[in-house]
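Student: Next up is a structure, given as C-alpha cells.
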Amino acid sequence: MKTTAVNITEKEYLLPGNRTCPGCALSLAYRYILKALEGQAIATVPASCLTVLHGMYPVTSVAVPCVNTPFATTAASATGLVAGLKALGKEGLTVVAIAGDGGTYDIGIQALSAAAERQTDFLYICYDNEGYMNTGNQRSGSTPLGAISGTTPILGKQQNQKDIAAIMEAHGIPYVATASASYPLDLYDKVRKARTIRGTRFIHVFTPCPPGWSFPFNNTISIGKLAVETGWVILYEVEDGVFRLTSASESIARKGNLKPLREYTAEQGRFKNITEEQINELQDRVNARWKRCLERAGDSQS
Amino acid sequence: MDRFLPAYRPHTILDPANPKNYNLVTLANPRVNAEGVLCHGYMELRYLLQEALQNAGEIIVRVGGEFGEVFGRSYANMVWEYRLDDADVVVVAMGSLAMEATVAADMLREAGHKVGVLGLRVFRPFPKADVAEALEKRRLVVVFDKNISYGLEGATCSEIKSTLYGSSTRTVIRNYIVGLGGRDVKAREMADAVNRSLLSMKEGDLNEEYPEWICAI
C-alpha cells in the first residue's frame with residue numbers, strides 16, 4: 001500500500017522543541033525517517049546539525065536511543081552497534097547511521113566505504129544541506145559550484161560537488177536511494193523499504209537550509225521542490241542494481257521537462273555571484289545526469 | 001579470571017523502550033533536565049574525572065593486592081623498588097625502561113656505587129607520597145624518559161621535580177632522553193649516564209636547564 005498523508009503513523013519520535021533553525025528541512029525529514037523506523041532503531045550520529053537537533057545534555061528531543069560519535073566514525077560506530085545486537089541475539093532493530101554531507105562526503109567516507117565493503121547490515125542516511133551548516137556554513141564536498149559559503153565567501157566555490165549516491169552505488173550494495181525533505185512520503189516509503197533489506201543500505205536526503213543558502217524560512221519546501229523540478233535533485237532508488245525513478249522525478253520523466261536550473265539558483269542568495277559560465281556548467285551537468293537517469297529508467301523497464 | 005573479575009555490568013544500554021542519547025554535547029554551564037533537576041555542566045564533569053582519579057590510587061593498590069591473592073603476582077603498590085634501601089643514587093623510570101635500569105644498577109653496584117631503582121607503575125594518579133618517600137634524602141636522582149615534552153624535558157622528570165617541591169632535602173636531579181621511536185636502550189648506556197651524572201654534580205647545581213639526549217647528536 002502506498003503511503004499517504006492519511007495512513008502514515010501518527011506516532012511521533014521527534015518531539016516538539018528541538019534546536020533546529022526555523023524552516024529546517026532536516027527536522028522535517030528526520031521526523032518522517034523516525035516514523036518510518038517506528039522506533040525500532042538505534043541511531044548513531046556524528047557532529048552535525050542533527051547533533052544540535054538531538055539536543056544538549058541533559059535533555060533530548062528524540063525518542064530513539066542514540067550514540068553520538070566522532071565525526072569520522074559514524075559507519076564504524078554503526079558496525080559496532082550491529083555486532084553488539086548480533087552478540088546479544090537481538091533481532092528486529094535497525095541500526096541507522098545518520099550524518100550530514102560533511103560527515104559523509106568528506107570526513108566519514110572512509111568508514112562508510114569500509115562498512116559497505118564489509119556488507120555491514122545497517123542503514124546509512126546522509127542528509128545533504130550542501131555544507132557544514134551548524135559551524136558557520138563552511139564549504140563541503142557537496143557544496144555546489146558557484147555557491148557562496150563561509151570558506152568561499154566572495155567568488156563562491158570553484159569546484160563541483162561529488163555524486164555520493166553514485167559512489168555508494170559503486171560499492172554494489174543492495175539498496176541506494178535519493179530522497180528530499182520536500183517529498184516526505186517518498187522518503188518515508190524508501191526508509192520503510194530499506195528496513196526490510198539486509199546488508200548496507202544508503203539513502204541520500206536533500207535538505208535545503210534557509211540560513212545557509214540564504215532563502216526565506218518559509219520557502220524550504222518550495223526550494224526542495226524546485227530542486228527536483230529542475231533536475232538538481234533526482235529522486236530514484238536502485239534496488240539490487242535495478243534503477244527506478246520515483247515520485248516527482250518519475251512524473252517529470254513521464255510527462256514534461258525539467259525547468260531551467262536558473263529558476264532554482266535565482267531563489268537563493270548563495271548563488272548571487274555565480275557566473276554565466278558556472279551556471280551553464282551546472283546546467284550541463286544536470287542535463288547529462290538527467291539523460292543518464294532516463295536511460296537507466298528505460299533500461300530497467302525494457 | 002571469573003573468580004577475580006566481578007560480573008559484567010553494561011554501563012550503556014541502548015533500548016528503544018527506554019531511549020537515551022549518549023555522548024551528547026555538554027555545555028559549559030549546568031542545565032536543568034526534563035524533571036527540573038539541575039545537571040552538571042562541562043566543568044562539573046571535568047571535576048568528577050579529577051575526583052575519580054584522586055580516589056583511584058587507593059583502589060589500584062587494593063585491587064592489585066587482590067589480584068596477587070588469586071594469581072600469585074601482586075601489584076599492591078603504585079611504585080616498585082630495586083636495591084633502594086641503602087642507595088644514595090636512585091634511577092627513576094617507567095615500564096620496561098625501569099627493568100633495564102635494574103641491570104644498570106647491578107653494574108654500578110659492582111663498581112662500588114650505591115644505586116637503586118624506583119619504577120613507576122602508575123602515572124595518573126601520580127604516586128606523589130610514594131615517590132617523595134623513596135627519593136627524599138638521596139644524593140642524586142637520575143630520571144630516564146622515553147619521551148620528550150618539547151621545550152622542557154622528559155615528562156617523568158617534571159613529575160619527579162614537582163613531587164620533590166617543598167622537600168627539606170636538596171636532591172640533585174638529572175634527566176636523560178632515551179629510546180624514542182623504539183630505539184634500543186642498553187643497560188650499559190644507562191650506567192654510563194649515571195656515571196656522567198655523578199661526575200657532573202657540583203655544589204648547588206641542582207638541575208641542568210635541559211635534559212641530555214642519549215643519541216648521536
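Lettering and numbering for the C-alpha cells are positional, with chains as A, B, ... in the shown order, residues counted from 1 in each chain, and ligands counted from 1 in the shown order.
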List every residue of stretch 96-288 of chain A that DSSP, applied to the backbone, labels as strand (DSSP E), and write the result as a ChimeraX atom specification.

Tutor: /A:96-100,123-128,175-180,201-206,236-239,242-245

Student: Write the residues of the preceding selection, restricted to C-alpha atoms, as a PDB file, in the first residue's frame.

Tutor:
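Okay, this is what ended up in part_19.pdb:
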ATOM      1  CA  VAL A  96      20.673   3.636  11.428  1.00  0.00           C
ATOM      2  CA  ALA A  97      23.659   5.911  10.935  1.00  0.00           C
ATOM      3  CA  ILE A  98      22.698   9.450  10.082  1.00  0.00           C
ATOM      4  CA  ALA A  99      25.219  12.057   9.064  1.00  0.00           C
ATOM      5  CA  GLY A 100      25.311  15.281   7.129  1.00  0.00           C
ATOM      6  CA  LEU A 123      21.028   1.789   7.047  1.00  0.00           C
ATOM      7  CA  TYR A 124      23.107   4.879   6.359  1.00  0.00           C
ATOM      8  CA  ILE A 125      21.223   8.099   5.769  1.00  0.00           C
ATOM      9  CA  CYS A 126      23.068  11.159   4.539  1.00  0.00           C
ATOM     10  CA  TYR A 127      21.110  14.360   4.870  1.00  0.00           C
ATOM     11  CA  ASP A 128      22.564  16.871   2.497  1.00  0.00           C
ATOM     12  CA  TYR A 175      19.835  -0.543  -1.835  1.00  0.00           C
ATOM     13  CA  VAL A 176      20.673   3.029  -2.768  1.00  0.00           C
ATOM     14  CA  ALA A 177      18.057   5.758  -2.899  1.00  0.00           C
ATOM     15  CA  THR A 178      17.803   9.522  -3.114  1.00  0.00           C
ATOM     16  CA  ALA A 179      15.055  11.479  -1.402  1.00  0.00           C
ATOM     17  CA  SER A 180      14.098  15.007  -0.441  1.00  0.00           C
ATOM     18  CA  ARG A 201      21.592   0.428   2.587  1.00  0.00           C
ATOM     19  CA  PHE A 202      22.180   4.055   1.668  1.00  0.00           C
ATOM     20  CA  ILE A 203      19.685   6.883   1.376  1.00  0.00           C
ATOM     21  CA  HIS A 204      20.654  10.393   0.354  1.00  0.00           C
ATOM     22  CA  VAL A 205      18.198  13.012   1.575  1.00  0.00           C
ATOM     23  CA  PHE A 206      18.225  16.509   0.164  1.00  0.00           C
ATOM     24  CA  TYR A 236      15.320   7.444  -7.567  1.00  0.00           C
ATOM     25  CA  GLU A 237      16.153   4.150  -5.998  1.00  0.00           C
ATOM     26  CA  VAL A 238      18.454   1.335  -7.048  1.00  0.00           C
ATOM     27  CA  GLU A 239      17.383  -1.980  -5.624  1.00  0.00           C
ATOM     28  CA  VAL A 242      17.627  -2.132 -10.750  1.00  0.00           C
ATOM     29  CA  PHE A 243      17.168   1.603 -11.243  1.00  0.00           C
ATOM     30  CA  ARG A 244      13.783   3.266 -10.817  1.00  0.00           C
ATOM     31  CA  LEU A 245      12.780   6.924 -10.814  1.00  0.00           C
TER      32      LEU A 245
END

Student: I'd like to know which residues of stretch 73-286 of chain A are helix (DSSP H, G or I) (by DSSP, run on the backbone); could you write them as JSON, numbers by chain?

Tutor: {"A": [73, 74, 75, 76, 77, 78, 79, 80, 81, 82, 83, 84, 85, 86, 87, 88, 101, 102, 103, 104, 105, 106, 109, 110, 111, 112, 113, 114, 115, 116, 117, 164, 165, 166, 167, 168, 169, 184, 185, 186, 187, 188, 189, 190, 191, 192, 193, 194, 195, 196, 210, 211, 212, 213, 217, 218, 219, 220, 221, 222, 223, 224, 225, 226, 227, 228, 229, 247, 248, 249, 250, 251, 252, 253, 254, 261, 262, 263, 264, 265, 269, 270, 271, 276, 277, 278, 279, 280, 281, 282, 283, 284, 285, 286]}

Student: Generate the output file for the selected residues, C-alpha atoms, as a CSV table (one decimal), in the first residue's frame.

Tutor:
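To be explicit, this is the file written out as out-v2.csv:
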chain,number,residue,atom,x,y,z
A,73,THR,CA,33.4,7.2,12.8
A,74,THR,CA,29.7,7.1,12.0
A,75,ALA,CA,29.7,3.9,10.0
A,76,ALA,CA,32.3,2.4,12.3
A,77,SER,CA,30.1,3.1,15.2
A,78,ALA,CA,27.2,1.5,13.4
A,79,THR,CA,29.3,-1.5,12.7
A,80,GLY,CA,29.9,-1.9,16.4
A,81,LEU,CA,26.2,-1.5,17.2
A,82,VAL,CA,25.3,-4.2,14.6
A,83,ALA,CA,27.9,-6.5,16.2
A,84,GLY,CA,26.5,-5.7,19.6
A,85,LEU,CA,22.9,-6.5,18.6
A,86,LYS,CA,24.1,-9.8,17.0
A,87,ALA,CA,26.1,-10.8,20.1
A,88,LEU,CA,23.0,-10.2,22.2
A,101,ASP,CA,27.1,15.8,3.8
A,102,GLY,CA,30.3,16.9,5.6
A,103,GLY,CA,30.2,13.8,7.8
A,104,THR,CA,29.5,11.7,4.7
A,105,TYR,CA,31.1,13.1,1.6
A,106,ASP,CA,34.2,14.4,3.4
A,109,ILE,CA,33.6,8.5,3.7
A,110,GLN,CA,36.4,6.1,4.7
A,111,ALA,CA,34.4,4.4,7.5
A,112,LEU,CA,31.3,4.4,5.3
A,113,SER,CA,33.1,2.8,2.3
A,114,ALA,CA,34.7,0.2,4.6
A,115,ALA,CA,31.4,-0.7,6.2
A,116,ALA,CA,29.7,-1.0,2.8
A,117,GLU,CA,32.6,-3.2,1.6
A,164,ILE,CA,27.6,10.5,-3.3
A,165,ALA,CA,24.8,8.2,-4.3
A,166,ALA,CA,26.7,7.1,-7.4
A,167,ILE,CA,29.8,6.5,-5.2
A,168,MET,CA,27.7,4.3,-2.8
A,169,GLU,CA,26.1,2.5,-5.7
A,184,PRO,CA,8.4,13.2,2.8
A,185,LEU,CA,6.1,10.3,1.8
A,186,ASP,CA,8.6,9.2,-0.9
A,187,LEU,CA,11.3,9.4,1.8
A,188,TYR,CA,9.1,7.5,4.2
A,189,ASP,CA,8.5,4.7,1.7
A,190,LYS,CA,12.2,4.4,1.0
A,191,VAL,CA,13.1,4.1,4.6
A,192,ARG,CA,10.4,1.5,5.1
A,193,LYS,CA,11.7,-0.4,2.2
A,194,ALA,CA,15.3,-0.1,3.3
A,195,ARG,CA,14.3,-1.5,6.7
A,196,THR,CA,13.3,-4.8,5.1
A,210,PRO,CA,17.4,28.6,4.8
A,211,PRO,CA,20.2,30.4,6.7
A,212,GLY,CA,23.0,28.5,4.9
A,213,TRP,CA,21.6,29.0,1.4
A,217,PHE,CA,12.4,30.3,6.1
A,218,ASN,CA,9.0,29.7,4.6
A,219,ASN,CA,10.4,28.6,1.2
A,220,THR,CA,12.1,25.4,2.4
A,221,ILE,CA,9.6,23.1,0.7
A,222,SER,CA,9.3,25.1,-2.5
A,223,ILE,CA,13.1,25.2,-2.8
A,224,GLY,CA,13.3,21.5,-2.4
A,225,LYS,CA,10.6,21.0,-5.0
A,226,LEU,CA,12.3,23.4,-7.4
A,227,ALA,CA,15.5,21.3,-6.9
A,228,VAL,CA,13.6,18.3,-8.2
A,229,GLU,CA,11.7,20.1,-10.9
A,247,SER,CA,7.8,10.4,-7.0
A,248,ALA,CA,8.1,13.8,-8.8
A,249,SER,CA,11.1,12.7,-10.8
A,250,GLU,CA,9.2,9.8,-12.2
A,251,SER,CA,6.3,12.1,-13.2
A,252,ILE,CA,8.6,14.6,-14.8
A,253,ALA,CA,10.2,11.8,-16.8
A,254,ARG,CA,6.8,10.6,-17.9
A,261,LEU,CA,18.3,25.4,-13.3
A,262,ARG,CA,18.4,29.2,-13.2
A,263,GLU,CA,14.9,29.2,-11.6
A,264,TYR,CA,16.4,27.2,-8.7
A,265,THR,CA,19.6,29.2,-8.3
A,269,GLY,CA,21.3,34.2,-2.0
A,270,ARG,CA,24.3,31.8,-2.0
A,271,PHE,CA,24.3,31.9,-5.8
A,276,GLU,CA,27.2,32.7,-16.5
A,277,GLU,CA,29.9,30.2,-17.3
A,278,GLN,CA,29.4,28.4,-14.0
A,279,ILE,CA,25.6,28.2,-14.3
A,280,ASN,CA,26.0,26.8,-17.8
A,281,GLU,CA,28.4,24.2,-16.4
A,282,LEU,CA,25.9,23.3,-13.7
A,283,GLN,CA,23.1,23.1,-16.3
A,284,ASP,CA,25.2,20.8,-18.5
A,285,ARG,CA,25.9,18.5,-15.6
A,286,VAL,CA,22.2,18.4,-14.7

Student: Using only C-alpha atoms, which chain B residues lie at most 10 Å away from chain A, written as a list in words?

Tutor: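 Within 10 Å of chain A on chain B, we get Thr12, Ile13, Leu14, Asp15, Pro16, Ala17, Asn18, Pro19, Lys20, Asn21, Tyr22, Asn23, Leu24, Val25, Thr26, Leu27, Pro30, Arg31, Val32, Asn33, Ala34, Glu35, Val37, Leu38, Cys39, His40, Gly41 and Tyr42 of chain B.
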
Student: Have a look at atom CA of A:Cys49 and atom CA of A:Asn134 and let me know their distance in Å, one decimal.

Tutor: 5.5 Å

Student: In terms of the shortest atom-to-atom distance over only C-alpha atoms, which of B:Ile59, B:Asn29, B:Ala134, B:Gly36 is closest to B:Glu81?

Tutor: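 For B:Glu81, the nearest of the candidates is B:Ala134.
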
Student: Would you mind listing what lies within 12 Å of B:Ala132 as JSON, numbers by chain, with only C-alpha atoms counted and same-chain residues fewer than 4 positions away left out?

Tutor: {"B": [79, 118, 126, 127, 128, 136, 137, 138, 141, 159, 160, 161, 162, 163, 164, 165, 166, 167, 168, 169, 171]}
